[in-house]
file target_14.pdb (PDB, C-alpha atoms)
MODEL        1
ATOM      1  CA  LEU N 932      12.711  87.020  77.137
ATOM      2  CA  GLY N 933      12.254  83.523  75.753
ATOM      3  CA  ALA N 934      11.460  82.156  79.195
ATOM      4  CA  ALA N 935       9.120  85.046  79.988
ATOM      5  CA  SER N 936       7.250  84.758  76.707
ATOM      6  CA  HIS N 937       6.595  81.047  77.232
ATOM      7  CA  ASP N 938       6.260  80.702  80.995
ATOM      8  CA  GLY N 939       5.629  84.193  82.334
ATOM      9  CA  LEU N 940       8.454  83.482  84.781
ATOM     10  CA  SER N 941       5.862  82.399  87.298
ATOM     11  CA  SER N 942       8.393  80.296  89.187
ATOM     12  CA  LEU N 943      12.125  79.822  89.496
ATOM     13  CA  HIS N 944      13.474  77.231  87.093
ATOM     14  CA  TRP N 945      16.909  75.900  87.974
ATOM     15  CA  SER N 946      17.407  75.027  84.329
ATOM     16  CA  LEU N 947      16.944  78.714  83.489
ATOM     17  CA  VAL N 948      19.501  79.742  86.121
ATOM     18  CA  ALA N 949      21.893  77.138  84.700
ATOM     19  CA  GLY N 950      21.170  78.418  81.182
ATOM     20  CA  VAL N 951      21.905  82.028  82.091
ATOM     21  CA  LEU N 952      25.153  81.072  83.832
ATOM     22  CA  ALA N 953      26.102  78.822  80.912
ATOM     23  CA  LEU N 954      25.458  81.641  78.421
ATOM     24  CA  MET N 955      27.640  83.944  80.506
ATOM     25  CA  ALA N 956      30.405  81.347  80.369
ATOM     26  CA  SER N 957      29.952  80.879  76.613
ATOM     27  CA  TYR N 958      30.303  84.646  76.115
ATOM     28  CA  ALA N 959      33.488  84.603  78.205
ATOM     29  CA  SER N 960      34.835  81.850  75.955
ATOM     30  CA  ALA N 961      33.867  83.745  72.785
ATOM     31  CA  THR N 962      35.368  86.996  74.032
ATOM     32  CA  SER N 963      38.598  85.310  75.082
ATOM     33  CA  VAL N 964      39.157  83.591  71.763
ATOM     34  CA  ASN N 965      38.204  86.748  69.857
ATOM     35  CA  ASP N 966      40.684  88.809  71.889
ATOM     36  CA  ILE N 967      43.395  86.339  70.901
ATOM     37  CA  ALA N 968      42.409  86.354  67.224
ATOM     38  CA  ASP N 969      42.013  90.146  66.976
ATOM     39  CA  GLU N 970      44.923  91.276  69.141
ATOM     40  CA  ARG N 971      46.573  93.319  66.359
ATOM     41  CA  ILE N 972      43.291  94.868  65.218
ATOM     42  CA  ASP N 973      42.321  95.684  68.801
ATOM     43  CA  ALA N 974      45.696  97.350  69.376
ATOM     44  CA  ILE N 975      44.656  99.939  66.781
ATOM     45  CA  ASN N 976      40.945 100.139  67.606
ATOM     46  CA  HIS N 977      41.107  99.905  71.402
ATOM     47  CA  PRO N 978      44.517 101.004  72.730
ATOM     48  CA  GLY N 979      44.413 101.338  76.493
ATOM     49  CA  ASP N 980      40.967  99.682  76.767
ATOM     50  CA  HIS N 981      40.836  97.576  79.942
ATOM     51  CA  GLY N 982      38.359  95.294  78.161
ATOM     52  CA  ARG N 983      41.243  94.183  75.921
ATOM     53  CA  PRO N 984      43.658  92.433  78.323
ATOM     54  CA  LEU N 985      46.156  91.420  75.628
ATOM     55  CA  VAL N 986      46.365  94.951  74.249
ATOM     56  CA  ILE N 987      47.106  96.544  77.606
ATOM     57  CA  GLY N 988      49.350  93.686  78.742
ATOM     58  CA  ILE N 989      47.473  92.445  81.812
ATOM     59  CA  ALA N 990      46.977  88.967  80.331
ATOM     60  CA  SER N 991      48.869  86.688  78.004
ATOM     61  CA  LYS N 992      47.551  84.554  75.172
ATOM     62  CA  ARG N 993      48.101  81.566  77.417
ATOM     63  CA  ASP N 994      45.897  83.183  80.089
ATOM     64  CA  LEU N 995      43.124  83.800  77.573
ATOM     65  CA  TRP N 996      43.366  80.260  76.178
ATOM     66  CA  ALA N 997      42.898  79.040  79.764
ATOM     67  CA  VAL N 998      39.857  81.300  80.223
ATOM     68  CA  PHE N 999      38.484  80.088  76.894
ATOM     69  CA  SER N1000      38.973  76.412  77.757
ATOM     70  CA  LEU N1001      37.530  76.603  81.258
ATOM     71  CA  SER N1002      34.585  78.803  80.328
ATOM     72  CA  ALA N1003      33.699  76.724  77.247
ATOM     73  CA  LEU N1004      33.808  73.540  79.304
ATOM     74  CA  GLY N1005      31.794  75.118  82.115
ATOM     75  CA  ALA N1006      29.258  76.494  79.656
ATOM     76  CA  VAL N1007      28.411  73.010  78.437
ATOM     77  CA  LEU N1008      28.781  71.065  81.691
ATOM     78  CA  LEU N1009      26.721  73.375  83.918
ATOM     79  CA  PRO N1010      23.390  72.744  82.184
ATOM     80  CA  ILE N1011      24.186  69.027  81.874
ATOM     81  CA  ALA N1012      24.808  68.873  85.631
ATOM     82  CA  SER N1013      21.429  70.504  86.241
ATOM     83  CA  GLY N1014      19.716  68.021  83.917
ATOM     84  CA  ALA N1015      18.993  70.573  81.196
ATOM     85  CA  ILE N1016      20.311  68.629  78.201
ATOM     86  CA  GLY N1017      18.455  70.777  75.649
ATOM     87  CA  VAL N1018      19.943  73.907  77.182
ATOM     88  CA  ALA N1019      23.396  72.297  77.085
ATOM     89  CA  ALA N1020      23.020  71.571  73.369
ATOM     90  CA  LEU N1021      22.037  75.174  72.659
ATOM     91  CA  VAL N1022      24.905  76.551  74.724
ATOM     92  CA  ALA N1023      27.329  74.165  72.994
ATOM     93  CA  THR N1024      26.127  75.697  69.730
ATOM     94  CA  SER N1025      26.851  79.142  71.146
ATOM     95  CA  VAL N1026      30.384  78.061  72.072
ATOM     96  CA  ALA N1027      30.867  76.642  68.576
ATOM     97  CA  VAL N1028      29.697  79.896  66.962
ATOM     98  CA  GLY N1029      32.177  81.803  69.134
ATOM     99  CA  MET N1030      34.974  79.554  67.935
ATOM    100  CA  ILE N1031      34.165  79.636  64.227
ATOM    101  CA  TYR N1032      33.583  83.383  64.428
ATOM    102  CA  SER N1033      37.211  84.000  65.415
ATOM    103  CA  LEU N1034      39.319  80.959  64.533
ATOM    104  CA  PRO N1035      40.543  79.318  61.332
ATOM    105  CA  PRO N1036      39.480  77.804  59.077
ATOM    106  CA  PHE N1037      36.184  79.726  59.040
ATOM    107  CA  ILE N1038      36.964  83.085  60.721
ATOM    108  CA  LEU N1039      33.425  84.380  60.285
ATOM    109  CA  SER N1040      34.496  87.743  61.713
ATOM    110  CA  HIS N1041      36.206  88.356  58.363
ATOM    111  CA  ARG N1042      33.117  87.542  56.291
ATOM    112  CA  THR N1043      31.139  90.627  55.313
ATOM    113  CA  TYR N1044      27.695  89.051  55.491
ATOM    114  CA  LEU N1045      28.219  86.081  57.796
ATOM    115  CA  ALA N1046      29.818  88.010  60.677
ATOM    116  CA  PRO N1047      26.752  90.059  61.657
ATOM    117  CA  ILE N1048      24.434  87.093  61.105
ATOM    118  CA  ALA N1049      26.584  84.780  63.251
ATOM    119  CA  LEU N1050      26.665  87.321  66.082
ATOM    120  CA  THR N1051      22.917  87.828  65.854
ATOM    121  CA  VAL N1052      22.351  84.084  66.125
ATOM    122  CA  ALA N1053      24.794  83.790  69.045
ATOM    123  CA  TYR N1054      23.589  86.826  71.007
ATOM    124  CA  VAL N1055      19.853  86.835  70.241
ATOM    125  CA  GLY N1056      18.590  83.593  68.713
ATOM    126  CA  ILE N1057      20.374  81.103  70.930
ATOM    127  CA  PRO N1058      19.774  82.972  74.226
ATOM    128  CA  TYR N1059      16.087  83.332  73.396
ATOM    129  CA  CYS N1060      15.856  79.605  72.677
ATOM    130  CA  VAL N1061      17.761  78.785  75.874
ATOM    131  CA  GLY N1062      15.080  80.646  77.818
ATOM    132  CA  VAL N1063      12.269  78.852  76.036
ATOM    133  CA  VAL N1064      13.796  75.388  76.422
ATOM    134  CA  ALA N1065      14.835  76.017  80.043
ATOM    135  CA  VAL N1066      11.190  76.500  81.067
ATOM    136  CA  GLY N1067      10.069  73.419  79.151
ATOM    137  CA  GLY N1068       8.857  75.142  76.007
ATOM    138  CA  MET N1069       9.669  74.673  72.359
ATOM    139  CA  PRO N1070      10.419  77.621  70.076
ATOM    140  CA  GLY N1071       7.820  77.941  67.345
ATOM    141  CA  PRO N1072       6.240  80.267  64.795
ATOM    142  CA  SER N1073       4.615  82.380  67.508
ATOM    143  CA  ASP N1074       8.107  83.436  68.603
ATOM    144  CA  ALA N1075       9.018  84.816  65.169
ATOM    145  CA  PRO N1076       7.742  88.410  65.580
ATOM    146  CA  LEU N1077       9.581  89.019  68.858
ATOM    147  CA  VAL N1078      12.758  87.166  67.876
ATOM    148  CA  GLY N1079      12.719  88.811  64.454
ATOM    149  CA  ALA N1080      12.436  92.286  65.964
ATOM    150  CA  LEU N1081      15.204  91.574  68.477
ATOM    151  CA  CYS N1082      17.419  90.207  65.698
ATOM    152  CA  LEU N1083      16.888  93.304  63.551
ATOM    153  CA  LEU N1084      17.746  95.600  66.477
ATOM    154  CA  PHE N1085      20.889  93.639  67.266
ATOM    155  CA  LEU N1086      21.925  93.361  63.621
ATOM    156  CA  GLY N1087      21.665  97.145  63.269
ATOM    157  CA  ARG N1088      23.828  97.634  66.354
ATOM    158  CA  ILE N1089      26.467  95.209  65.096
ATOM    159  CA  VAL N1090      26.689  96.814  61.659
ATOM    160  CA  LEU N1091      26.931 100.310  63.173
ATOM    161  CA  LYS N1092      29.637  99.136  65.610
ATOM    162  CA  ASP N1093      31.987  98.934  62.656
ATOM    163  CA  PHE N1094      32.211 102.744  62.590
ATOM    164  CA  ARG N1095      34.107 102.516  65.882
ATOM    165  CA  ASP N1096      36.481  99.874  64.548
ATOM    166  CA  ARG N1097      37.123 100.957  60.969
ATOM    167  CA  GLU N1098      40.778 102.022  61.347
ATOM    168  CA  GLY N1099      42.031  98.654  62.606
ATOM    169  CA  ASP N1100      39.643  96.710  60.394
ATOM    170  CA  ALA N1101      40.963  98.553  57.317
ATOM    171  CA  ALA N1102      44.600  98.103  58.377
ATOM    172  CA  TYR N1103      44.193  94.321  58.536
ATOM    173  CA  GLY N1104      41.809  93.853  55.619
ATOM    174  CA  LYS N1105      38.713  92.932  57.609
ATOM    175  CA  PRO N1106      35.951  93.334  55.013
ATOM    176  CA  THR N1107      33.168  94.800  57.123
ATOM    177  CA  PHE N1108      29.983  96.050  55.504
ATOM    178  CA  LEU N1109      31.096  99.625  56.235
ATOM    179  CA  LEU N1110      34.481  99.219  54.570
ATOM    180  CA  ARG N1111      32.994  97.386  51.617
ATOM    181  CA  TYR N1112      29.965  99.612  50.932
ATOM    182  CA  GLY N1113      30.594 102.873  52.772
ATOM    183  CA  LYS N1114      28.882 105.068  55.309
ATOM    184  CA  ARG N1115      25.655 105.737  53.415
ATOM    185  CA  ALA N1116      24.885 102.060  52.702
ATOM    186  CA  THR N1117      25.772 101.094  56.274
ATOM    187  CA  CYS N1118      23.439 103.712  57.757
ATOM    188  CA  LEU N1119      20.692 102.647  55.318
ATOM    189  CA  LEU N1120      21.092  99.040  56.383
TER     190      LEU N1120
ENDMDL
END

call {"tool": "encode", "arguments": {"input": "target_14.pdb", "output": "structure tokens"}}
result
Amino acid sequence: LGAASHDGLSSLHWSLVAGVLALMASYASATSVNDIADERIDAINHPGDHGRPLVIGIASKRDLWAVFSLSALGAVLLPIASGAIGVAALVATSVAVGMIYSLPPFILSHRTYLAPIALTVAYVGIPYCVGVVAVGGMPGPSDAPLVGALCLLFLGRIVLKDFRDREGDAAYGKPTFLLRYGKRATCLL
């Protein structure tokens, strides 16, 4: 959407292709490290879910650390190799958010207010900016209405997702907005 709003996608930009592939790799790194960090919570919330390889036993922590390492490295190197240094910097930020979301000392996933904001930045703000930068643009005030609307939609989805995960989150003391303020406040938000 960032690329389309700035360039109209009138031509193929290799930096945009590299950016999309790099974002995919950064999401693989974030998911891998989060699966490692939340293995016990996921065992309660998602037993038998094939999207949770540790829980169902088809991968080890070592396997997921390897996926994390390779995908994080690929996420940053791919745009650099294509000459898209600005895209690489944005994707490196995405990888960093994925790490601090799940790993000590920050563990943003266990922060009531920071968790949904961090995910919104990582899954809406950064990808939008990658698109803009990949087509040679610069994010600016004119992007605010679209990015703001997308962020609000995503934030609502993330906060409501906690209904699905409340049993495991409660068992391990994860202070989600839902567990802290209840169903009514969560639906209002």

call {"tool": "resolve_selection", "arguments": {"input": "target_14.pdb", "expression": "the PyMOL selection byres ((chain N and resi 999-1003) around 9)", "output": "ChimeraX atom specification"}}
result
/N:953,955-964,994-998,1004-1008,1023,1026

call {"tool": "atom_distance", "arguments": {"input": "target_14.pdb", "atom1": "CA of Cys1082 (chain N)", "atom2": "CA of Tyr1054 (chain N)"}}
result
8.8 Å

call {"tool": "resolve_selection", "arguments": {"input": "target_14.pdb", "expression": "the PyMOL selection byres ((chain N and resi 1029-1042) around 9)", "output": "number ranges by chain"}}
result
N: 957-958, 960-962, 964-969, 1024-1028, 1043-1047, 1049-1050, 1053, 1104-1107

call {"tool": "closest_residue", "arguments": {"input": "target_14.pdb", "among": "N:Val1066, N:Ser1013, N:Glu970, N:Val1052", "to": "Ser941 (chain N)", "atoms": "only C-alpha atoms"}}
result
N:Val1066

call {"tool": "closest_residue", "arguments": {"input": "target_14.pdb", "among": "N:Arg993, N:Ile1011, N:Gly1017, N:Ile972", "to": "Val1063 (chain N)", "atoms": "all atoms listed in the file"}}
result
N:Gly1017

call {"tool": "atom_distance", "arguments": {"input": "target_14.pdb", "atom1": "CA of Ala935 (chain N)", "atom2": "CA of Gly1068 (chain N)"}}
result
10.7 Å

call {"tool": "residues_around", "arguments": {"input": "target_14.pdb", "residues": "Cys1060 (chain N)", "least_positions_apart": "2", "cutoff": "10 Å", "atoms": "all atoms listed in the file", "output": "mmCIF file with C-alpha atoms, keeping the file's coordinate frame"}}
result
data_model
loop_
_atom_site.group_PDB
_atom_site.id
_atom_site.type_symbol
_atom_site.label_atom_id
_atom_site.label_comp_id
_atom_site.auth_asym_id
_atom_site.auth_seq_id
_atom_site.Cartn_x
_atom_site.Cartn_y
_atom_site.Cartn_z
ATOM 1 C CA LEU N 932 12.711 87.020 77.137
ATOM 2 C CA GLY N 933 12.254 83.523 75.753
ATOM 3 C CA ALA N 934 11.460 82.156 79.195
ATOM 4 C CA GLY N 1017 18.455 70.777 75.649
ATOM 5 C CA VAL N 1018 19.943 73.907 77.182
ATOM 6 C CA LEU N 1021 22.037 75.174 72.659
ATOM 7 C CA VAL N 1022 24.905 76.551 74.724
ATOM 8 C CA VAL N 1055 19.853 86.835 70.241
ATOM 9 C CA GLY N 1056 18.590 83.593 68.713
ATOM 10 C CA ILE N 1057 20.374 81.103 70.930
ATOM 11 C CA PRO N 1058 19.774 82.972 74.226
ATOM 12 C CA GLY N 1062 15.080 80.646 77.818
ATOM 13 C CA VAL N 1063 12.269 78.852 76.036
ATOM 14 C CA VAL N 1064 13.796 75.388 76.422
ATOM 15 C CA ALA N 1065 14.835 76.017 80.043
ATOM 16 C CA GLY N 1068 8.857 75.142 76.007
ATOM 17 C CA MET N 1069 9.669 74.673 72.359
ATOM 18 C CA PRO N 1070 10.419 77.621 70.076
ATOM 19 C CA GLY N 1071 7.820 77.941 67.345
ATOM 20 C CA ASP N 1074 8.107 83.436 68.603
ATOM 21 C CA VAL N 1078 12.758 87.166 67.876
#

call {"tool": "atom_distance", "arguments": {"input": "target_14.pdb", "atom1": "CA of Asp973 (chain N)", "atom2": "CA of Gly988 (chain N)"}}
result
12.3 Å

call {"tool": "residues_around", "arguments": {"input": "target_14.pdb", "residues": "Thr1117 (chain N)", "least_positions_apart": "3", "cutoff": "10 Å", "atoms": "all atoms listed in the file", "output": "ChimeraX atom specification"}}
result
/N:1087,1090-1091,1093-1094,1107-1114,1120

call {"tool": "write_last_selection", "arguments": {"input": "target_14.pdb", "atoms": "C-alpha atoms", "output": "PDB file, in the coordinates of the input"}}
result
ATOM      1  CA  GLY N1087      21.665  97.145  63.269  1.00  0.00           C
ATOM      2  CA  VAL N1090      26.689  96.814  61.659  1.00  0.00           C
ATOM      3  CA  LEU N1091      26.931 100.310  63.173  1.00  0.00           C
ATOM      4  CA  ASP N1093      31.987  98.934  62.656  1.00  0.00           C
ATOM      5  CA  PHE N1094      32.211 102.744  62.590  1.00  0.00           C
ATOM      6  CA  THR N1107      33.168  94.800  57.123  1.00  0.00           C
ATOM      7  CA  PHE N1108      29.983  96.050  55.504  1.00  0.00           C
ATOM      8  CA  LEU N1109      31.096  99.625  56.235  1.00  0.00           C
ATOM      9  CA  LEU N1110      34.481  99.219  54.570  1.00  0.00           C
ATOM     10  CA  ARG N1111      32.994  97.386  51.617  1.00  0.00           C
ATOM     11  CA  TYR N1112      29.965  99.612  50.932  1.00  0.00           C
ATOM     12  CA  GLY N1113      30.594 102.873  52.772  1.00  0.00           C
ATOM     13  CA  LYS N1114      28.882 105.068  55.309  1.00  0.00           C
ATOM     14  CA  LEU N1120      21.092  99.040  56.383  1.00  0.00           C
TER      15      LEU N1120
END

call {"tool": "closest_residue", "arguments": {"input": "target_14.pdb", "among": "N:Gly1067, N:Gly1079, N:Gly982, N:Pro1010", "to": "Leu954 (chain N)", "atoms": "all atoms listed in the file"}}
result
N:Pro1010

call {"tool": "closest_residue", "arguments": {"input": "target_14.pdb", "among": "N:Val951, N:Ala1102, N:Ile1048, N:Leu1009", "to": "Arg1088 (chain N)", "atoms": "all atoms listed in the file"}}
result
N:Ile1048

call {"tool": "closest_residue", "arguments": {"input": "target_14.pdb", "among": "N:Asn976, N:Ser1073, N:Ser942, N:Ser936", "to": "Tyr1103 (chain N)", "atoms": "only C-alpha atoms"}}
result
N:Asn976

call {"tool": "axis_aligned_box", "arguments": {"input": "target_14.pdb", "around": "region 934-947 of chain N", "padding_each_side": "4 Å", "output": "JSON"}}
result
{"center_x": 11.5, "center_y": 80.0, "center_z": 83.1, "size_x": 19.8, "size_y": 18.0, "size_z": 20.8}

call {"tool": "build_atoms", "arguments": {"input": "target_14.pdb", "residues": "region 973-986 of chain N", "atoms": "N, CA, C and O atoms", "output": "short mmCIF file (atom, residue, chain, number, x, y, z; two decimals), in the frame of the given file"}}
result
data_model
loop_
_atom_site.label_atom_id
_atom_site.label_comp_id
_atom_site.auth_asym_id
_atom_site.auth_seq_id
_atom_site.Cartn_x
_atom_site.Cartn_y
_atom_site.Cartn_z
N ASP N 973 42.72 95.00 67.57
CA ASP N 973 42.32 95.68 68.80
C ASP N 973 43.37 96.68 69.28
O ASP N 973 43.04 97.69 69.91
N ALA N 974 44.64 96.42 68.98
CA ALA N 974 45.70 97.35 69.38
C ALA N 974 45.51 98.70 68.69
O ALA N 974 45.84 99.75 69.26
N ILE N 975 44.94 98.69 67.49
CA ILE N 975 44.66 99.94 66.78
C ILE N 975 43.32 100.52 67.23
O ILE N 975 43.21 101.71 67.52
N ASN N 976 42.30 99.66 67.30
CA ASN N 976 40.94 100.14 67.61
C ASN N 976 40.70 100.46 69.07
O ASN N 976 39.85 101.29 69.39
N HIS N 977 41.40 99.77 69.97
CA HIS N 977 41.11 99.90 71.40
C HIS N 977 42.37 100.02 72.26
O HIS N 977 42.51 99.31 73.26
N PRO N 978 43.31 100.88 71.90
CA PRO N 978 44.52 101.00 72.73
C PRO N 978 44.15 101.54 74.12
O PRO N 978 43.35 102.45 74.25
N GLY N 979 44.67 100.90 75.12
CA GLY N 979 44.41 101.34 76.49
C GLY N 979 43.07 100.91 77.06
O GLY N 979 42.73 101.26 78.17
N ASP N 980 42.29 100.13 76.32
CA ASP N 980 40.97 99.68 76.77
C ASP N 980 41.14 98.50 77.72
O ASP N 980 41.66 97.45 77.33
N HIS N 981 40.69 98.64 78.95
CA HIS N 981 40.84 97.58 79.94
C HIS N 981 40.00 96.34 79.60
O HIS N 981 40.19 95.28 80.21
N GLY N 982 39.10 96.45 78.63
CA GLY N 982 38.36 95.29 78.16
C GLY N 982 39.15 94.46 77.17
O GLY N 982 38.67 93.44 76.70
N ARG N 983 40.36 94.90 76.85
CA ARG N 983 41.24 94.18 75.92
C ARG N 983 42.53 93.83 76.66
O ARG N 983 43.54 94.52 76.56
N PRO N 984 42.52 92.75 77.45
CA PRO N 984 43.66 92.43 78.32
C PRO N 984 44.97 92.17 77.59
O PRO N 984 46.03 92.48 78.13
N LEU N 985 44.91 91.63 76.38
CA LEU N 985 46.16 91.42 75.63
C LEU N 985 46.75 92.76 75.20
O LEU N 985 47.96 92.95 75.26
N VAL N 986 45.91 93.65 74.76
CA VAL N 986 46.36 94.95 74.25
C VAL N 986 47.06 95.76 75.33
O VAL N 986 48.09 96.37 75.09
#
